[in-house]
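Peer 1: Sharing a structure below in structure tokens format, with a few things to ask.
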Protein chains: 2
Amino acid sequence: MARAGLSPELLVRAGADLADEAGFEHVTLSEVARRCGVKVASLYSHLKNSHDLKTRIALLALEELADRAADALAGRSGKEALTALADTYRDYARVHPGRYTAARFRLDPATAADSAGPRHARMTRAVLRGYDLPEGEETAAVRLLGAALHGYVSLEAGGGFDHSAPDTQATWERTLDALDSLLRNWPAPDHT
Amino acid sequence: MARAGLSPELLVRAGADLADEAGFEHVTLSEVARRCGVKVASLYSHLKNSHDLKTRIALLALEELADRAADALAGRSGKEALTALADTYRDYARVHPGRYTAARFRLDPATAADSAGPRHARMTRAVLRGYDLPEGEETAAVRLLGAALHGYVSLEAGGGFDHSAPDTQATWERTLDALDSLLRNWPAPDHT
DNA sequence: TACTTCTCCCTAAAGGCTTTAGGCAAAGGG
DNA sequence: CCCTTTGCCTAAAGCCTTTAGGGAGAAGTA
């Protein structure tokens, strides 16, 4: 039998491409094997199981996304940085919808800690450094910003905006304007 | 054979409960049949197929969520309304995580149009009526608000906030303060 | 070069989920 | 009371995952 030259990296890449084409939920060892011209059982020498494949695709996506975000952020601050980070996420989700979904795959704590996840958190905090938020408000702002960006991108990808009127590019720009404005005018805690 | 008294409603309810217990991605006709004390093939008299079951669970969740939101919004406006709507979503997602996930299940356009989805959109717009947004900015605000709320709730549910410091209740309240403030001070389009 | 060892991919098989086809018996109308 | 309808069943085929065990290249050693 001619050797196919499999490796975890090759399989993960094939799985990630499959995710982008067919959706992350359709990523299957069988299909990956088929695409690599190999029998399913052969994959088990390189991957623990199906969950392992999905985890590795998630790690790949987080890494790719963090690399792009880091490039986009270099040398920018304030609204420019906000826009750069946001556009990076949105563009990635559009070009690589399956990978983007994979990036949300739930990882166990140890794996998550070793992933590029923390890099993403640091980059978000770096963007916020361009705004001077009150002491102790950073975590709330990180979460709001993360939520708004992820929420927008995932609703858009999920077709949630398909049946309402204005094109999503316009409302995306307004969303970034609004977030920028919010960060520049972060409200004091409301004690009513 | 004693009749089990199946019906689409019964099966959908069983499926929704299963989703809440095991996660929407583990909802399976086999498991639903098992829980109803019935063989799998029997389900096909009541449901078209597995996708049909998931669709119906999604419709149920959207409906339940819209009913609760409508109750919570009754008689409120401004920040009270915003908080009521937001808390409804968050509480529902915490008590019924599988149903909440199901509510994001992608529906075909015709089904979506007939679902409670449009009610949700109308309620969000109703909340915004309590703020006077500039002409033509409503859709952007609807999307930002929907994105922020869904994003927060889904990141929280997905464990995205598990490994950072402050408790999520506090940052949730700050998030709502921030969104309220943003809606009260919606920025003019930025022509820089 | 010839032999050994290891690695890689294969076949085989068991178990789970989905879906369709066809049967039997309980419910319910005439 | 019969008979039609309906509801749940058995059977079977197809696809996916996972484990066990085998054969043939590739690589190291003499």
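Residues are named by chain letter and number: chains run A, B, ... in the order of the structure tokens, numbers start at 1 in each chain, and ligands are numbered from 1 in the order shown.
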Using only C-alpha atoms (C1' of nucleotides) and a cut-off of 12 Å, which residues of chain C sit close to chain A? Please list them as a PyMOL selection string.
Peer 2: chain C and resi 7-12
Peer 1: Once you count only C-alpha atoms, which residues of chain A turn out to be within 7 Å of chain B? Could you give them as a PyMOL selection string?
Peer 2: chain A and resi 106+140+144+147-148+150-152+155+158+171+174-175+177-178+181-182+186-187+189-190
Peer 1: Return as JSON lines the residues of chain D lying at most 12 Å from chain B, together with the closest atom-to-atom pair for each and the distance in Å to one decimal, counting only C-alpha atoms (C1' of nucleotides), with rows in chain order and ascending residue number.
Peer 2:
```
{"residue": "D:DT6", "atom": "C1'", "partner": "B:Ser45", "partner_atom": "CA", "distance": 9.7}
{"residue": "D:DG7", "atom": "C1'", "partner": "B:Arg3", "partner_atom": "CA", "distance": 6.9}
{"residue": "D:DC8", "atom": "C1'", "partner": "B:Ser42", "partner_atom": "CA", "distance": 5.6}
{"residue": "D:DC9", "atom": "C1'", "partner": "B:Lys39", "partner_atom": "CA", "distance": 7.6}
{"residue": "D:DT10", "atom": "C1'", "partner": "B:Ala41", "partner_atom": "CA", "distance": 9.7}
{"residue": "D:DA11", "atom": "C1'", "partner": "B:Ala41", "partner_atom": "CA", "distance": 11.0}
```
Peer 1: Atom CA of Ser115 of chain A to atom CA of Ala58 of chain A: how many Å, to one decimal?
Peer 2: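 Going from atom CA of Ser115 of chain A over to atom CA of Ala58 of chain A, I get 9.1 Å.
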Peer 1: Name the residues in contact with segment 82-93 of chain B at a cut-off of 7 Å, using only C-alpha atoms (C1' of nucleotides), excluding same-chain residues fewer than 2 positions from it; report them as a VMD selection string.
Peer 2: chain B and resid 68 to 69 72 to 73 78 to 80 95 to 97 100 127 149 153 176
Peer 1: Can you spit out the residues from that selection as an mmCIF file, in the first residue's frame, using all heavy atoms?
Peer 2:
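For reference, out-v5.cif as written:
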```
data_model
loop_
_atom_site.group_PDB
_atom_site.id
_atom_site.type_symbol
_atom_site.label_atom_id
_atom_site.label_comp_id
_atom_site.auth_asym_id
_atom_site.auth_seq_id
_atom_site.Cartn_x
_atom_site.Cartn_y
_atom_site.Cartn_z
ATOM 1 N N ARG B 68 -42.310 35.137 27.326
ATOM 2 C CA ARG B 68 -41.729 35.673 28.556
ATOM 3 C C ARG B 68 -41.297 37.113 28.386
ATOM 4 O O ARG B 68 -41.467 37.941 29.285
ATOM 5 C CB ARG B 68 -40.504 34.850 28.960
ATOM 6 C CG ARG B 68 -40.910 33.457 29.348
ATOM 7 C CD ARG B 68 -39.719 32.648 29.795
ATOM 8 N NE ARG B 68 -40.150 31.258 29.956
ATOM 9 C CZ ARG B 68 -39.615 30.403 30.797
ATOM 10 N NH1 ARG B 68 -38.592 30.778 31.530
ATOM 11 N NH2 ARG B 68 -40.076 29.172 30.882
ATOM 12 N N ALA B 69 -40.715 37.391 27.229
ATOM 13 C CA ALA B 69 -40.268 38.760 26.992
ATOM 14 C C ALA B 69 -41.472 39.706 26.978
ATOM 15 O O ALA B 69 -41.422 40.802 27.547
ATOM 16 C CB ALA B 69 -39.504 38.840 25.675
ATOM 17 N N ALA B 72 -42.526 40.370 30.437
ATOM 18 C CA ALA B 72 -41.566 41.203 31.160
ATOM 19 C C ALA B 72 -41.622 42.653 30.705
ATOM 20 O O ALA B 72 -41.394 43.578 31.492
ATOM 21 C CB ALA B 72 -40.158 40.646 30.966
ATOM 22 N N LEU B 73 -41.939 42.860 29.442
ATOM 23 C CA LEU B 73 -41.928 44.226 28.898
ATOM 24 C C LEU B 73 -43.193 45.002 29.235
ATOM 25 O O LEU B 73 -43.190 46.239 29.205
ATOM 26 C CB LEU B 73 -41.772 44.181 27.372
ATOM 27 C CG LEU B 73 -40.371 43.889 26.862
ATOM 28 C CD1 LEU B 73 -40.376 43.837 25.344
ATOM 29 C CD2 LEU B 73 -39.405 44.962 27.359
ATOM 30 N N GLY B 78 -37.974 52.537 28.548
ATOM 31 C CA GLY B 78 -36.647 53.041 28.876
ATOM 32 C C GLY B 78 -35.749 51.953 29.433
ATOM 33 O O GLY B 78 -35.826 50.784 29.013
ATOM 34 N N LYS B 79 -34.939 52.300 30.392
ATOM 35 C CA LYS B 79 -33.979 51.341 30.909
ATOM 36 C C LYS B 79 -34.667 50.157 31.572
ATOM 37 O O LYS B 79 -34.164 49.031 31.527
ATOM 38 C CB LYS B 79 -33.013 51.988 31.892
ATOM 39 C CG LYS B 79 -31.891 51.008 32.226
ATOM 40 C CD LYS B 79 -30.849 51.524 33.160
ATOM 41 C CE LYS B 79 -29.806 50.413 33.351
ATOM 42 N NZ LYS B 79 -28.919 50.689 34.485
ATOM 43 N N GLU B 80 -35.810 50.395 32.176
ATOM 44 C CA GLU B 80 -36.550 49.284 32.770
ATOM 45 C C GLU B 80 -36.903 48.237 31.726
ATOM 46 O O GLU B 80 -36.787 47.031 31.968
ATOM 47 C CB GLU B 80 -37.856 49.789 33.387
ATOM 48 C CG GLU B 80 -37.797 49.986 34.880
ATOM 49 C CD GLU B 80 -39.206 50.196 35.443
ATOM 50 O OE1 GLU B 80 -40.148 49.475 35.029
ATOM 51 O OE2 GLU B 80 -39.354 51.091 36.272
ATOM 52 N N VAL B 95 -31.696 28.849 32.517
ATOM 53 C CA VAL B 95 -32.595 27.779 32.947
ATOM 54 C C VAL B 95 -32.768 26.747 31.838
ATOM 55 O O VAL B 95 -32.919 25.558 32.108
ATOM 56 C CB VAL B 95 -33.964 28.369 33.359
ATOM 57 C CG1 VAL B 95 -34.928 27.266 33.768
ATOM 58 C CG2 VAL B 95 -33.793 29.375 34.490
ATOM 59 N N HIS B 96 -32.749 27.206 30.606
ATOM 60 C CA HIS B 96 -33.009 26.314 29.466
ATOM 61 C C HIS B 96 -31.921 26.449 28.412
ATOM 62 O O HIS B 96 -32.190 26.894 27.291
ATOM 63 C CB HIS B 96 -34.367 26.662 28.847
ATOM 64 C CG HIS B 96 -35.524 26.436 29.744
ATOM 65 N ND1 HIS B 96 -35.862 25.189 30.227
ATOM 66 C CD2 HIS B 96 -36.427 27.295 30.281
ATOM 67 C CE1 HIS B 96 -36.932 25.289 31.004
ATOM 68 N NE2 HIS B 96 -37.294 26.560 31.065
ATOM 69 N N PRO B 97 -30.715 26.033 28.749
ATOM 70 C CA PRO B 97 -29.616 26.241 27.804
ATOM 71 C C PRO B 97 -29.828 25.552 26.461
ATOM 72 O O PRO B 97 -29.490 26.103 25.416
ATOM 73 C CB PRO B 97 -28.404 25.674 28.547
ATOM 74 C CG PRO B 97 -28.965 24.786 29.620
ATOM 75 C CD PRO B 97 -30.282 25.376 29.985
ATOM 76 N N TYR B 100 -32.357 27.473 24.534
ATOM 77 C CA TYR B 100 -31.787 28.739 24.054
ATOM 78 C C TYR B 100 -30.936 28.486 22.806
ATOM 79 O O TYR B 100 -31.028 29.212 21.824
ATOM 80 C CB TYR B 100 -30.955 29.423 25.133
ATOM 81 C CG TYR B 100 -30.460 30.771 24.683
ATOM 82 C CD1 TYR B 100 -31.287 31.890 24.718
ATOM 83 C CD2 TYR B 100 -29.182 30.928 24.152
ATOM 84 C CE1 TYR B 100 -30.865 33.121 24.253
ATOM 85 C CE2 TYR B 100 -28.745 32.165 23.684
ATOM 86 C CZ TYR B 100 -29.591 33.251 23.747
ATOM 87 O OH TYR B 100 -29.164 34.470 23.265
ATOM 88 N N VAL B 127 -38.531 48.390 22.619
ATOM 89 C CA VAL B 127 -37.640 48.895 23.659
ATOM 90 C C VAL B 127 -36.949 50.168 23.187
ATOM 91 O O VAL B 127 -36.808 51.141 23.930
ATOM 92 C CB VAL B 127 -36.597 47.825 24.052
ATOM 93 C CG1 VAL B 127 -35.499 48.431 24.910
ATOM 94 C CG2 VAL B 127 -37.271 46.674 24.777
ATOM 95 N N LEU B 149 -26.664 41.491 23.405
ATOM 96 C CA LEU B 149 -27.362 40.609 24.333
ATOM 97 C C LEU B 149 -27.099 39.154 23.997
ATOM 98 O O LEU B 149 -26.703 38.357 24.854
ATOM 99 C CB LEU B 149 -28.868 40.896 24.325
ATOM 100 C CG LEU B 149 -29.277 42.299 24.772
ATOM 101 C CD1 LEU B 149 -30.796 42.444 24.772
ATOM 102 C CD2 LEU B 149 -28.716 42.626 26.150
ATOM 103 N N VAL B 153 -24.925 36.579 26.374
ATOM 104 C CA VAL B 153 -25.573 35.370 26.885
ATOM 105 C C VAL B 153 -24.898 34.125 26.340
ATOM 106 O O VAL B 153 -24.666 33.160 27.072
ATOM 107 C CB VAL B 153 -27.076 35.386 26.535
ATOM 108 C CG1 VAL B 153 -27.705 34.033 26.772
ATOM 109 C CG2 VAL B 153 -27.786 36.467 27.344
ATOM 110 N N LEU B 176 -25.526 46.403 30.853
ATOM 111 C CA LEU B 176 -26.831 47.032 30.623
ATOM 112 C C LEU B 176 -26.764 48.541 30.861
ATOM 113 O O LEU B 176 -27.358 49.321 30.111
ATOM 114 C CB LEU B 176 -27.894 46.385 31.524
ATOM 115 C CG LEU B 176 -28.145 44.911 31.217
ATOM 116 C CD1 LEU B 176 -29.293 44.381 32.058
ATOM 117 C CD2 LEU B 176 -28.420 44.689 29.734
#
```
Peer 1: Could you tell me, as an MDAnalysis selection string, which residues of segment 5-96 of chain B DSSP assigns to helix (DSSP H, G or I) when given the backbone?
Peer 2: chainID B and resid 8:22 24:26 29:35 40:43 50:73 78:95
Peer 1: How far is it from atom CA of His120 of chain A to atom CA of Glu64 of chain A, in Å with one decimal?
Peer 2: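 The value is 11.0 Å.
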Peer 1: Might you pull out every residue within 12 Å of DG30 of chain C, with only C-alpha atoms (C1' of nucleotides) counted and same-chain residues fewer than 6 positions away left off, and present them as a list in words?
Peer 2: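 With the cut-off at 12 Å, the set is DC1, DC2, DC3 and DT4 of chain D.
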Peer 1: What does the structure give for the distance between atom CA of Ala110 of chain A and atom CA of Val27 of chain B, in Å to one decimal?
Peer 2: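 Those two atoms sit 27.2 Å apart.
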Peer 1: Would you pick out the contacts of DA14 of chain C at 12 Å or less, using only C-alpha atoms (C1' of nucleotides), so that residues sharing its chain but fewer than 4 positions from it are not included, and give the list as a list in words?
Peer 2: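 Non-adjacent residues within range: DT17, DT18, DT19 and DA20 of chain D.
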Peer 1: Do you know which residues are at most 12 Å from DT29 of chain D counting only C-alpha atoms (C1' of nucleotides), after dropping those on the same chain fewer than 5 positions away, and could you put them as a PyMOL selection string?
Peer 2: chain C and resi 1-5
